[in-house]
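S.K.: The structure follows.
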Amino acid sequence: MAQEPARVITLVVVDDHPVVRDGLRGMFDSDPDFRVLGEASNGVEGVEMAVRLDPDVVLMDLRMPGGGGVAAIAELAGRGARSKVLVLTTYDTDSDTLPAIEAGATGYLLKDAPRDELFTAVRAAADGRTVLSPAVASRLISRVRTPAAAGSEALSGREREVLELVAKGTSNREIAAELFISEATVKTHLTHVFAKLGAKDRAAAVAIGYDRGILG
């Protein structure tokens, strides 16, 4: 039986630097698993292009003249866009990163991430899985922490296992299969993890996990 052709992941690149856009397009166009549908130089253009072209993933810079990434992410979420947003930020001190999480971005990497790491992150984002660079995570903590989180309970062994798999970009279904539990049980464990860490979502939980040494 002939194998089904591999899924081609479509992208839109949003960055105000032409050299960065050219580099990303060249990188992704060199691999048949990806196709860049278009490029935009600011968030406003990026939103319109993403809505028109409906890519699987939008690679989004955060700080751009004429329309930043956070506002664009929020606009895409507000419009109910199917596209997942993967933020590529230059500095791990970028103060826009947590607002971007809250706006609805799926993942975060630094622009100096290796090619294979970027490709893996885009595939994960296309599947709706959270991808968070450890370097970026460590810079999020001071803004993620809350008084409730400071006095949070320790995670159980199983909750720690679930969080470690989430940090690797594993979906609930894959976690269930790996740990031989149901998806409903995975969701219950995640609810407990969020409550104990004072996290709003998967990305924030991973960030806190790195900071507290729960994740290596």
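Chain labels run A, B, ... following the order of the structure tokens; each chain numbers its residues from 1, and ligands are numbered from 1 in the order shown.
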So that I can check the surroundings of Asp33 of chain A, please list as a list in words every protein, DNA and RNA residue that reaches within 12 Å of it, counting only C-alpha atoms and ignoring chain neighbours fewer than 5 positions away.

M.R.: Pro5, Ala6, Arg7, Val8, Ile9, Thr10, Leu11, Met27, Phe28, Phe119, Thr120, Val122 and Arg123 of chain A

S.K.: Need to verify the contact set: segment 50-62 of chain A, 7 Å, only C-alpha atoms, exclusion of same-chain residues closer than 4 positions in sequence. Can you return it as a tab-separated table (two decimals) with N, CA, C and O atoms, in the first residue's frame?

M.R.:
```tsv
chain	number	residue	atom	x	y	z
A	9	ILE	N	3.06	21.90	5.85
A	9	ILE	CA	2.65	22.95	6.79
A	9	ILE	C	2.86	24.31	6.13
A	9	ILE	O	3.96	24.61	5.66
A	10	THR	N	1.81	25.12	6.09
A	10	THR	CA	1.90	26.43	5.45
A	10	THR	C	2.16	27.52	6.49
A	10	THR	O	1.70	27.42	7.62
A	11	LEU	N	2.91	28.54	6.05
A	11	LEU	CA	3.31	29.60	6.98
A	11	LEU	C	3.15	30.98	6.37
A	11	LEU	O	3.20	31.15	5.15
A	12	VAL	N	2.99	31.96	7.25
A	12	VAL	CA	3.15	33.38	6.92
A	12	VAL	C	4.20	33.93	7.88
A	12	VAL	O	4.16	33.64	9.08
A	13	VAL	N	5.16	34.69	7.36
A	13	VAL	CA	6.24	35.26	8.16
A	13	VAL	C	5.98	36.74	8.38
A	13	VAL	O	5.79	37.49	7.41
A	14	VAL	N	5.96	37.17	9.64
A	14	VAL	CA	5.70	38.58	9.97
A	14	VAL	C	6.91	39.13	10.73
A	14	VAL	O	7.15	38.74	11.88
A	15	ASP	N	7.67	40.02	10.08
A	15	ASP	CA	8.86	40.60	10.70
A	15	ASP	C	9.20	41.87	9.94
A	15	ASP	O	9.06	41.93	8.72
A	46	GLY	N	0.28	41.58	8.82
A	46	GLY	CA	0.29	40.17	9.14
A	46	GLY	C	-1.10	39.61	9.39
A	46	GLY	O	-1.42	38.50	8.95
A	68	GLY	N	2.60	46.09	16.30
A	68	GLY	CA	3.38	45.07	16.99
A	68	GLY	C	2.71	43.71	17.00
A	68	GLY	O	1.54	43.55	16.63
A	69	GLY	N	3.48	42.72	17.45
A	69	GLY	CA	3.01	41.35	17.42
A	69	GLY	C	1.91	41.04	18.41
A	69	GLY	O	0.99	40.27	18.10
A	70	VAL	N	1.96	41.60	19.61
A	70	VAL	CA	0.96	41.29	20.62
A	70	VAL	C	-0.44	41.70	20.16
A	70	VAL	O	-1.39	40.93	20.27
A	81	ALA	N	-9.27	33.25	13.94
A	81	ALA	CA	-8.39	32.67	12.91
A	81	ALA	C	-7.95	31.27	13.30
A	81	ALA	O	-7.68	30.98	14.47
A	82	ARG	N	-7.85	30.40	12.32
A	82	ARG	CA	-7.41	29.03	12.54
A	82	ARG	C	-5.91	28.96	12.79
A	82	ARG	O	-5.41	28.06	13.49
A	83	SER	N	-5.16	29.89	12.24
A	83	SER	CA	-3.70	29.87	12.30
A	83	SER	C	-3.19	29.90	13.73
A	83	SER	O	-3.71	30.62	14.58
A	84	LYS	N	-2.15	29.11	13.99
A	84	LYS	CA	-1.45	29.16	15.27
A	84	LYS	C	-0.30	30.16	15.15
A	84	LYS	O	0.31	30.28	14.08
A	85	VAL	N	-0.01	30.87	16.23
A	85	VAL	CA	1.04	31.89	16.20
A	85	VAL	C	2.25	31.41	17.00
A	85	VAL	O	2.13	31.07	18.17
A	86	LEU	N	3.41	31.39	16.34
A	86	LEU	CA	4.67	31.06	16.99
A	86	LEU	C	5.50	32.33	17.01
A	86	LEU	O	5.87	32.88	15.97
A	87	VAL	N	5.77	32.85	18.22
A	87	VAL	CA	6.53	34.08	18.36
A	87	VAL	C	8.02	33.79	18.22
A	87	VAL	O	8.53	32.84	18.82
A	88	LEU	N	8.71	34.60	17.43
A	88	LEU	CA	10.17	34.56	17.34
A	88	LEU	C	10.69	35.89	17.86
A	88	LEU	O	10.50	36.92	17.23
A	89	THR	N	11.30	35.87	19.03
A	89	THR	CA	11.76	37.11	19.65
A	89	THR	C	13.28	37.17	19.65
A	89	THR	O	13.94	36.14	19.74
A	96	ASP	N	7.43	41.85	26.06
A	96	ASP	CA	6.15	41.61	25.39
A	96	ASP	C	5.74	40.15	25.41
A	96	ASP	O	4.63	39.81	25.01
A	122	VAL	N	7.64	24.61	14.81
A	122	VAL	CA	6.57	24.93	13.86
A	122	VAL	C	5.62	23.74	13.71
A	122	VAL	O	4.40	23.91	13.67
A	125	ALA	N	3.53	23.70	16.84
A	125	ALA	CA	2.55	24.78	16.82
A	125	ALA	C	1.40	24.47	15.87
A	125	ALA	O	0.23	24.73	16.18
A	126	ALA	N	1.72	23.90	14.71
A	126	ALA	CA	0.68	23.54	13.74
A	126	ALA	C	-0.31	22.55	14.33
A	126	ALA	O	-1.50	22.55	13.98
```

S.K.: Near Gly104 of chain A, within 9 Å and counting only C-alpha atoms, which residues show up once chain neighbours fewer than 2 positions away are dropped, as a list in words?

M.R.: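 Close residues of Gly104 of chain A: Val70, Ile73, Ala74, Leu76, Ala77, Lys84, Val85, Pro99, Ala100, Ile101, Glu102 and Thr106 of chain A.
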
S.K.: Could you tell me which of A:Pro134, A:Gly43, A:Gly26, A:Gly157 comes closest to Tyr210 of chain A if we count only C-alpha atoms?

M.R.: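 Closest to Tyr210 of chain A, using only C-alpha atoms: A:Pro134.
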
S.K.: Neighbouring residues of Lys168 of chain A were defined as those with any atom within 10 Å, considering only C-alpha atoms; residues of the same chain fewer than 4 positions away were excluded. Please report them as a PyMOL selection string.

M.R.: chain A and resi 121+124+129-132+163-164+206
